[in-house]
Amino acid sequence: MTHGRAHPLFACAAVLALAGCLGSSRPSRFYTLAPLQIGDGQGPTVPDATLAIGPVEIPESIDRPQIVTRTGANELVVAEFDRWGGSLDSEISGSLVATVRDRLASRQIAVAPWRSAILSAGGPSYRAAVSFSRFDGIPGQSVVLQGRWELIGQSGESLGVREATVTEKTDGAGYDALVAAMQRALVRFGQQMADSVVATTQTAKAP
């Protein structure tokens with residue numbers, strides 16, 4: 001029997017093989033929730049009112065760079081290589097602003113993120129604070145978005161709180177199909193929010 005240290009060539013080959021295995025992991029993929037087929041929403045030069053959207057609150061369980069999905073009622077899965085292109089709250093906020101701006105383009109209401117909103121000259125100003133309790137899904141099945149928004153007047157008074165639950169089926173089993181369904185759900189949520197803003201502000205204007 002022969003006992004001793006491994007041959008240097010064998011040891012070197014083993015190290016190279018291990019390095020090759022460690023370096024063979026697939027690259028990360030990055031996704032965005034920027035809505036598709038949304039117009040530029042350019043309103044009049046001097047709008048009749050301004051709507052600031054934010055802050056947007058999301059659950060801590062999904063507030064991370066990786067995409068979080070479900071496998072059942074209580075189990076969450078964090079993707080290792082499928083990630084958001086930016087912070088998730090920024091992705092959601094940007095999508096909501098674009099959707100609501102497009103929806104309200106003909107209503108002479110200027111829409112902007114709450115941190116950068118510019119008050120309209122002489123017109124009323126509003127803010128929609130948004131909070132999500134759930135925004136995830138099961139790959140190959142569906143996405144569920146549950147959230148609420150509160151419309152706040154320029155004096156800080158609450159003009160009403162609304163809630164919505166949106167479910168969107170996925171068109172495939174991959175993360176691309178999952179994110180596309182999340183995008184559609186967010187657009188539907190934003191459209192409902194925009195419609196409620198119109199109804200609430202019209203009621204507020206009524207004598």
# chains A, B, ... in the order shown; residues from 1 in each chain; ligands from 1
>>> residues_around(residues="Leu88 of chain A", least_positions_apart="3", cutoff="10 Å", atoms="only C-alpha atoms", output="PyMOL selection string")
chain A and resi 32-33+58+62-67+83-85+91-94
>>> select_by_dssp(residues="segment 21-207 of chain A", states="strand (DSSP E)", output="ChimeraX atom specification")
/A:29-31,49-57,66-70,76-84,109-113,125-138,142-152,158-169
>>> residues_around(residues="segment 164-178 of chain A", least_positions_apart="6", cutoff="9 Å", atoms="only C-alpha atoms", output="list in words")
Tyr31, Ile67, Asp82, Asp136, Gly137, Ile138, Pro139, Gly140, Gln141, Ser142, Val143, Val144, Leu145, Gln146, Gly147, Arg148, Trp149, Arg184, Ala185, Leu186, Arg188, Phe189, Gln192 and Met193 of chain A
>>> write_last_selection(atoms="N, CA, C and O atoms", output="tab-separated table (two decimals), in the first residue's frame")
chain	number	residue	atom	x	y	z
A	31	TYR	N	-35.14	42.56	-13.91
A	31	TYR	CA	-36.47	42.84	-14.44
A	31	TYR	C	-36.95	44.20	-13.97
A	31	TYR	O	-36.51	44.73	-12.95
A	67	ILE	N	-36.39	38.61	-6.51
A	67	ILE	CA	-37.83	38.43	-6.68
A	67	ILE	C	-38.30	37.34	-5.71
A	67	ILE	O	-37.68	36.28	-5.61
A	82	ASP	N	-32.74	35.89	-10.19
A	82	ASP	CA	-33.76	36.73	-10.83
A	82	ASP	C	-34.06	37.90	-9.90
A	82	ASP	O	-34.64	37.72	-8.83
A	136	ASP	N	-47.12	39.39	-4.73
A	136	ASP	CA	-46.29	38.25	-5.10
A	136	ASP	C	-47.15	37.27	-5.89
A	136	ASP	O	-48.31	37.55	-6.19
A	137	GLY	N	-46.59	36.13	-6.21
A	137	GLY	CA	-47.35	35.16	-6.97
A	137	GLY	C	-46.68	33.81	-7.00
A	137	GLY	O	-45.58	33.62	-6.46
A	138	ILE	N	-47.35	32.86	-7.64
A	138	ILE	CA	-46.83	31.51	-7.83
A	138	ILE	C	-46.47	31.35	-9.30
A	138	ILE	O	-47.35	31.50	-10.16
A	139	PRO	N	-45.21	31.10	-9.62
A	139	PRO	CA	-44.82	30.94	-11.03
A	139	PRO	C	-45.68	29.89	-11.74
A	139	PRO	O	-45.95	28.82	-11.19
A	140	GLY	N	-46.11	30.24	-12.93
A	140	GLY	CA	-46.93	29.32	-13.70
A	140	GLY	C	-48.40	29.35	-13.34
A	140	GLY	O	-49.21	28.65	-13.96
A	141	GLN	N	-48.78	30.16	-12.34
A	141	GLN	CA	-50.18	30.22	-11.92
A	141	GLN	C	-50.71	31.65	-11.97
A	141	GLN	O	-51.33	32.05	-12.95
A	142	SER	N	-50.47	32.43	-10.92
A	142	SER	CA	-51.05	33.77	-10.88
A	142	SER	C	-50.28	34.67	-9.94
A	142	SER	O	-49.44	34.22	-9.15
A	143	VAL	N	-50.61	35.96	-10.03
A	143	VAL	CA	-50.04	36.99	-9.17
A	143	VAL	C	-51.19	37.65	-8.42
A	143	VAL	O	-52.27	37.87	-8.98
A	144	VAL	N	-50.94	37.98	-7.16
A	144	VAL	CA	-51.96	38.66	-6.34
A	144	VAL	C	-51.38	39.96	-5.80
A	144	VAL	O	-50.28	39.97	-5.24
A	145	LEU	N	-52.12	41.05	-6.01
A	145	LEU	CA	-51.74	42.35	-5.48
A	145	LEU	C	-52.87	42.83	-4.58
A	145	LEU	O	-54.02	42.92	-5.01
A	146	GLN	N	-52.54	43.12	-3.32
A	146	GLN	CA	-53.51	43.67	-2.38
A	146	GLN	C	-52.96	44.98	-1.85
A	146	GLN	O	-51.83	45.03	-1.38
A	147	GLY	N	-53.76	46.04	-1.95
A	147	GLY	CA	-53.26	47.33	-1.49
A	147	GLY	C	-54.38	48.30	-1.19
A	147	GLY	O	-55.56	48.04	-1.42
A	148	ARG	N	-53.98	49.43	-0.65
A	148	ARG	CA	-54.92	50.50	-0.32
A	148	ARG	C	-54.26	51.85	-0.61
A	148	ARG	O	-53.04	51.96	-0.67
A	149	TRP	N	-55.08	52.86	-0.82
A	149	TRP	CA	-54.56	54.20	-1.01
A	149	TRP	C	-55.46	55.18	-0.27
A	149	TRP	O	-56.66	54.97	-0.14
A	184	ARG	N	-48.98	43.85	-15.20
A	184	ARG	CA	-50.39	44.03	-15.55
A	184	ARG	C	-51.24	44.30	-14.31
A	184	ARG	O	-52.14	45.16	-14.33
A	185	ALA	N	-50.96	43.59	-13.23
A	185	ALA	CA	-51.71	43.80	-12.00
A	185	ALA	C	-51.50	45.21	-11.47
A	185	ALA	O	-52.44	45.86	-10.99
A	186	LEU	N	-50.28	45.70	-11.55
A	186	LEU	CA	-49.98	47.03	-11.05
A	186	LEU	C	-50.65	48.11	-11.90
A	186	LEU	O	-51.13	49.12	-11.38
A	188	ARG	N	-53.50	47.73	-13.54
A	188	ARG	CA	-54.92	47.69	-13.19
A	188	ARG	C	-55.17	48.39	-11.86
A	188	ARG	O	-56.15	49.13	-11.70
A	189	PHE	N	-54.27	48.17	-10.91
A	189	PHE	CA	-54.39	48.83	-9.61
A	189	PHE	C	-54.30	50.35	-9.78
A	189	PHE	O	-55.09	51.10	-9.21
A	192	GLN	N	-57.49	51.82	-11.25
A	192	GLN	CA	-58.55	51.93	-10.26
A	192	GLN	C	-58.30	53.13	-9.33
A	192	GLN	O	-59.23	53.86	-8.96
A	193	MET	N	-57.05	53.31	-8.96
A	193	MET	CA	-56.71	54.42	-8.10
A	193	MET	C	-56.99	55.75	-8.79
A	193	MET	O	-57.54	56.68	-8.19
>>> select_by_dssp(residues="segment 8-188 of chain A", states="alpha helix (DSSP H)", output="PDB file with N, CA and C atoms, in the first residue's frame")
ATOM      1  N   PRO A   8       1.412  16.358  -7.199  1.00  0.00           N
ATOM      2  CA  PRO A   8       1.164  17.782  -7.469  1.00  0.00           C
ATOM      3  C   PRO A   8       0.280  18.026  -8.679  1.00  0.00           C
ATOM      4  N   LEU A   9       0.441  17.224  -9.738  1.00  0.00           N
ATOM      5  CA  LEU A   9      -0.377  17.417 -10.929  1.00  0.00           C
ATOM      6  C   LEU A   9      -1.841  17.103 -10.645  1.00  0.00           C
ATOM      7  N   PHE A  10      -2.070  16.058  -9.828  1.00  0.00           N
ATOM      8  CA  PHE A  10      -3.444  15.679  -9.475  1.00  0.00           C
ATOM      9  C   PHE A  10      -4.093  16.768  -8.625  1.00  0.00           C
ATOM     10  N   ALA A  11      -3.343  17.290  -7.661  1.00  0.00           N
ATOM     11  CA  ALA A  11      -3.864  18.340  -6.802  1.00  0.00           C
ATOM     12  C   ALA A  11      -4.211  19.581  -7.617  1.00  0.00           C
ATOM     13  N   CYS A  12      -3.348  19.912  -8.553  1.00  0.00           N
ATOM     14  CA  CYS A  12      -3.592  21.080  -9.405  1.00  0.00           C
ATOM     15  C   CYS A  12      -4.842  20.898 -10.244  1.00  0.00           C
ATOM     16  N   ALA A  13      -5.016  19.680 -10.790  1.00  0.00           N
ATOM     17  CA  ALA A  13      -6.195  19.409 -11.610  1.00  0.00           C
ATOM     18  C   ALA A  13      -7.462  19.515 -10.778  1.00  0.00           C
ATOM     19  N   ALA A  14      -7.402  19.043  -9.523  1.00  0.00           N
ATOM     20  CA  ALA A  14      -8.565  19.102  -8.667  1.00  0.00           C
ATOM     21  C   ALA A  14      -8.948  20.552  -8.364  1.00  0.00           C
ATOM     22  N   VAL A  15      -7.977  21.382  -8.105  1.00  0.00           N
ATOM     23  CA  VAL A  15      -8.241  22.789  -7.831  1.00  0.00           C
ATOM     24  C   VAL A  15      -8.856  23.474  -9.043  1.00  0.00           C
ATOM     25  N   LEU A  16      -8.339  23.192 -10.230  1.00  0.00           N
ATOM     26  CA  LEU A  16      -8.883  23.797 -11.437  1.00  0.00           C
ATOM     27  C   LEU A  16     -10.313  23.343 -11.686  1.00  0.00           C
ATOM     28  N   ALA A  17     -10.580  22.059 -11.435  1.00  0.00           N
ATOM     29  CA  ALA A  17     -11.933  21.550 -11.624  1.00  0.00           C
ATOM     30  C   ALA A  17     -12.907  22.234 -10.675  1.00  0.00           C
ATOM     31  N   LEU A  18     -12.483  22.394  -9.405  1.00  0.00           N
ATOM     32  CA  LEU A  18     -13.333  23.062  -8.438  1.00  0.00           C
ATOM     33  C   LEU A  18     -13.584  24.509  -8.836  1.00  0.00           C
ATOM     34  N   ALA A  19     -12.569  25.196  -9.286  1.00  0.00           N
ATOM     35  CA  ALA A  19     -12.721  26.583  -9.725  1.00  0.00           C
ATOM     36  C   ALA A  19     -13.673  26.683 -10.903  1.00  0.00           C
ATOM     37  N   GLY A  20     -13.591  25.686 -11.791  1.00  0.00           N
ATOM     38  CA  GLY A  20     -14.490  25.691 -12.941  1.00  0.00           C
ATOM     39  C   GLY A  20     -15.935  25.530 -12.518  1.00  0.00           C
ATOM     40  N   CYS A  21     -16.162  24.671 -11.514  1.00  0.00           N
ATOM     41  CA  CYS A  21     -17.521  24.453 -11.028  1.00  0.00           C
ATOM     42  C   CYS A  21     -18.067  25.717 -10.360  1.00  0.00           C
ATOM     43  N   LEU A  22     -17.219  26.363  -9.559  1.00  0.00           N
ATOM     44  CA  LEU A  22     -17.661  27.551  -8.860  1.00  0.00           C
ATOM     45  C   LEU A  22     -17.926  28.700  -9.819  1.00  0.00           C
ATOM     46  N   LEU A  88     -37.462  47.743  -5.276  1.00  0.00           N
ATOM     47  CA  LEU A  88     -38.826  47.369  -5.628  1.00  0.00           C
ATOM     48  C   LEU A  88     -39.797  48.513  -5.365  1.00  0.00           C
ATOM     49  N   ASP A  89     -39.623  49.257  -4.264  1.00  0.00           N
ATOM     50  CA  ASP A  89     -40.546  50.354  -4.014  1.00  0.00           C
ATOM     51  C   ASP A  89     -40.438  51.437  -5.090  1.00  0.00           C
ATOM     52  N   SER A  90     -39.221  51.653  -5.620  1.00  0.00           N
ATOM     53  CA  SER A  90     -39.051  52.615  -6.709  1.00  0.00           C
ATOM     54  C   SER A  90     -39.677  52.098  -7.996  1.00  0.00           C
ATOM     55  N   GLU A  91     -39.531  50.793  -8.268  1.00  0.00           N
ATOM     56  CA  GLU A  91     -40.145  50.196  -9.456  1.00  0.00           C
ATOM     57  C   GLU A  91     -41.670  50.353  -9.401  1.00  0.00           C
ATOM     58  N   ILE A  92     -42.250  50.060  -8.235  1.00  0.00           N
ATOM     59  CA  ILE A  92     -43.700  50.164  -8.079  1.00  0.00           C
ATOM     60  C   ILE A  92     -44.155  51.614  -8.187  1.00  0.00           C
ATOM     61  N   SER A  93     -43.448  52.509  -7.522  1.00  0.00           N
ATOM     62  CA  SER A  93     -43.811  53.921  -7.557  1.00  0.00           C
ATOM     63  C   SER A  93     -43.761  54.476  -8.972  1.00  0.00           C
ATOM     64  N   GLY A  94     -42.697  54.157  -9.706  1.00  0.00           N
ATOM     65  CA  GLY A  94     -42.580  54.639 -11.076  1.00  0.00           C
ATOM     66  C   GLY A  94     -43.689  54.134 -11.976  1.00  0.00           C
ATOM     67  N   SER A  95     -44.056  52.865 -11.792  1.00  0.00           N
ATOM     68  CA  SER A  95     -45.126  52.292 -12.594  1.00  0.00           C
ATOM     69  C   SER A  95     -46.469  52.936 -12.269  1.00  0.00           C
ATOM     70  N   LEU A  96     -46.727  53.167 -10.978  1.00  0.00           N
ATOM     71  CA  LEU A  96     -47.984  53.799 -10.585  1.00  0.00           C
ATOM     72  C   LEU A  96     -48.085  55.218 -11.132  1.00  0.00           C
ATOM     73  N   VAL A  97     -47.006  55.984 -11.018  1.00  0.00           N
ATOM     74  CA  VAL A  97     -47.018  57.359 -11.517  1.00  0.00           C
ATOM     75  C   VAL A  97     -47.303  57.373 -13.017  1.00  0.00           C
ATOM     76  N   ALA A  98     -46.636  56.497 -13.777  1.00  0.00           N
ATOM     77  CA  ALA A  98     -46.846  56.453 -15.226  1.00  0.00           C
ATOM     78  C   ALA A  98     -48.274  56.061 -15.576  1.00  0.00           C
ATOM     79  N   THR A  99     -48.818  55.077 -14.856  1.00  0.00           N
ATOM     80  CA  THR A  99     -50.174  54.607 -15.143  1.00  0.00           C
ATOM     81  C   THR A  99     -51.215  55.662 -14.804  1.00  0.00           C
ATOM     82  N   VAL A 100     -51.115  56.246 -13.617  1.00  0.00           N
ATOM     83  CA  VAL A 100     -52.091  57.255 -13.191  1.00  0.00           C
ATOM     84  C   VAL A 100     -51.974  58.513 -14.057  1.00  0.00           C
ATOM     85  N   ARG A 101     -50.756  58.902 -14.394  1.00  0.00           N
ATOM     86  CA  ARG A 101     -50.560  60.066 -15.268  1.00  0.00           C
ATOM     87  C   ARG A 101     -51.250  59.854 -16.613  1.00  0.00           C
ATOM     88  N   ASP A 102     -51.097  58.661 -17.165  1.00  0.00           N
ATOM     89  CA  ASP A 102     -51.728  58.353 -18.446  1.00  0.00           C
ATOM     90  C   ASP A 102     -53.251  58.362 -18.318  1.00  0.00           C
ATOM     91  N   ARG A 103     -53.750  57.817 -17.215  1.00  0.00           N
ATOM     92  CA  ARG A 103     -55.201  57.728 -16.997  1.00  0.00           C
ATOM     93  C   ARG A 103     -55.821  59.111 -16.815  1.00  0.00           C
ATOM     94  N   TYR A 175     -39.846  33.403 -14.809  1.00  0.00           N
ATOM     95  CA  TYR A 175     -39.914  34.679 -14.112  1.00  0.00           C
ATOM     96  C   TYR A 175     -40.321  35.809 -15.042  1.00  0.00           C
ATOM     97  N   ASP A 176     -40.029  35.699 -16.322  1.00  0.00           N
ATOM     98  CA  ASP A 176     -40.451  36.743 -17.250  1.00  0.00           C
ATOM     99  C   ASP A 176     -41.973  36.827 -17.314  1.00  0.00           C
ATOM    100  N   ALA A 177     -42.632  35.662 -17.318  1.00  0.00           N
ATOM    101  CA  ALA A 177     -44.098  35.636 -17.328  1.00  0.00           C
ATOM    102  C   ALA A 177     -44.657  36.121 -15.999  1.00  0.00           C
ATOM    103  N   LEU A 178     -43.989  35.792 -14.904  1.00  0.00           N
ATOM    104  CA  LEU A 178     -44.428  36.242 -13.591  1.00  0.00           C
ATOM    105  C   LEU A 178     -44.359  37.762 -13.482  1.00  0.00           C
ATOM    106  N   VAL A 179     -43.233  38.354 -13.902  1.00  0.00           N
ATOM    107  CA  VAL A 179     -43.074  39.802 -13.825  1.00  0.00           C
ATOM    108  C   VAL A 179     -44.061  40.502 -14.752  1.00  0.00           C
ATOM    109  N   ALA A 180     -44.321  39.929 -15.918  1.00  0.00           N
ATOM    110  CA  ALA A 180     -45.304  40.524 -16.831  1.00  0.00           C
ATOM    111  C   ALA A 180     -46.689  40.559 -16.186  1.00  0.00           C
ATOM    112  N   ALA A 181     -47.046  39.496 -15.452  1.00  0.00           N
ATOM    113  CA  ALA A 181     -48.334  39.467 -14.749  1.00  0.00           C
ATOM    114  C   ALA A 181     -48.349  40.488 -13.612  1.00  0.00           C
ATOM    115  N   MET A 182     -47.224  40.635 -12.907  1.00  0.00           N
ATOM    116  CA  MET A 182     -47.135  41.651 -11.852  1.00  0.00           C
ATOM    117  C   MET A 182     -47.301  43.047 -12.441  1.00  0.00           C
ATOM    118  N   GLN A 183     -46.729  43.242 -13.605  1.00  0.00           N
ATOM    119  CA  GLN A 183     -46.840  44.527 -14.297  1.00  0.00           C
ATOM    120  C   GLN A 183     -48.288  44.832 -14.649  1.00  0.00           C
ATOM    121  N   ARG A 184     -48.979  43.846 -15.198  1.00  0.00           N
ATOM    122  CA  ARG A 184     -50.387  44.033 -15.548  1.00  0.00           C
ATOM    123  C   ARG A 184     -51.242  44.304 -14.313  1.00  0.00           C
ATOM    124  N   ALA A 185     -50.956  43.592 -13.233  1.00  0.00           N
ATOM    125  CA  ALA A 185     -51.709  43.798 -11.995  1.00  0.00           C
ATOM    126  C   ALA A 185     -51.498  45.211 -11.465  1.00  0.00           C
ATOM    127  N   LEU A 186     -50.282  45.699 -11.546  1.00  0.00           N
ATOM    128  CA  LEU A 186     -49.976  47.033 -11.054  1.00  0.00           C
ATOM    129  C   LEU A 186     -50.648  48.106 -11.901  1.00  0.00           C
ATOM    130  N   VAL A 187     -50.714  47.898 -13.212  1.00  0.00           N
ATOM    131  CA  VAL A 187     -51.402  48.843 -14.084  1.00  0.00           C
ATOM    132  C   VAL A 187     -52.893  48.881 -13.748  1.00  0.00           C
ATOM    133  N   ARG A 188     -53.498  47.728 -13.543  1.00  0.00           N
ATOM    134  CA  ARG A 188     -54.923  47.689 -13.194  1.00  0.00           C
ATOM    135  C   ARG A 188     -55.170  48.392 -11.864  1.00  0.00           C
TER     136      ARG A 188
END
>>> atom_distance(atom1="atom CA of Ala105 of chain A", atom2="atom CA of Pro124 of chain A")
16.3 Å
>>> atom_distance(atom1="atom CA of Arg29 of chain A", atom2="atom CA of Val130 of chain A")
28.0 Å
>>> atom_distance(atom1="atom CA of Thr201 of chain A", atom2="atom CA of Thr50 of chain A")
11.2 Å
>>> residues_around(residues="Ala128 of chain A", least_positions_apart="6", cutoff="6 Å", atoms="only C-alpha atoms", output="PyMOL selection string")
chain A and resi 53-54+150-151
>>> write_last_selection(atoms="N, CA and C atoms", output="compact mmCIF listing (two decimals), in the first residue's frame")
# COMPACT_ATOMS: atom_id res chain seq x y z
N ILE A 53 -48.03 61.11 -5.84
CA ILE A 53 -48.22 59.72 -5.44
C ILE A 53 -47.08 59.29 -4.53
N GLY A 54 -47.42 58.89 -3.31
CA GLY A 54 -46.41 58.40 -2.39
C GLY A 54 -46.65 58.91 -0.98
N GLU A 150 -54.85 56.23 0.22
CA GLU A 150 -55.58 57.29 0.90
C GLU A 150 -55.33 58.60 0.17
N LEU A 151 -56.40 59.24 -0.22
CA LEU A 151 -56.27 60.53 -0.89
C LEU A 151 -56.29 61.63 0.17
>>> residues_around(residues="Thr200 of chain A", least_positions_apart="5", cutoff="9 Å", atoms="only C-alpha atoms", output="list in words")
Leu151, Leu159, Gly160, Asp195 and Lys205 of chain A
>>> closest_residue(among="A:Phe132, A:Pro35, A:Val198, A:Leu51", to="Gly153 of chain A", atoms="only C-alpha atoms")
A:Leu51
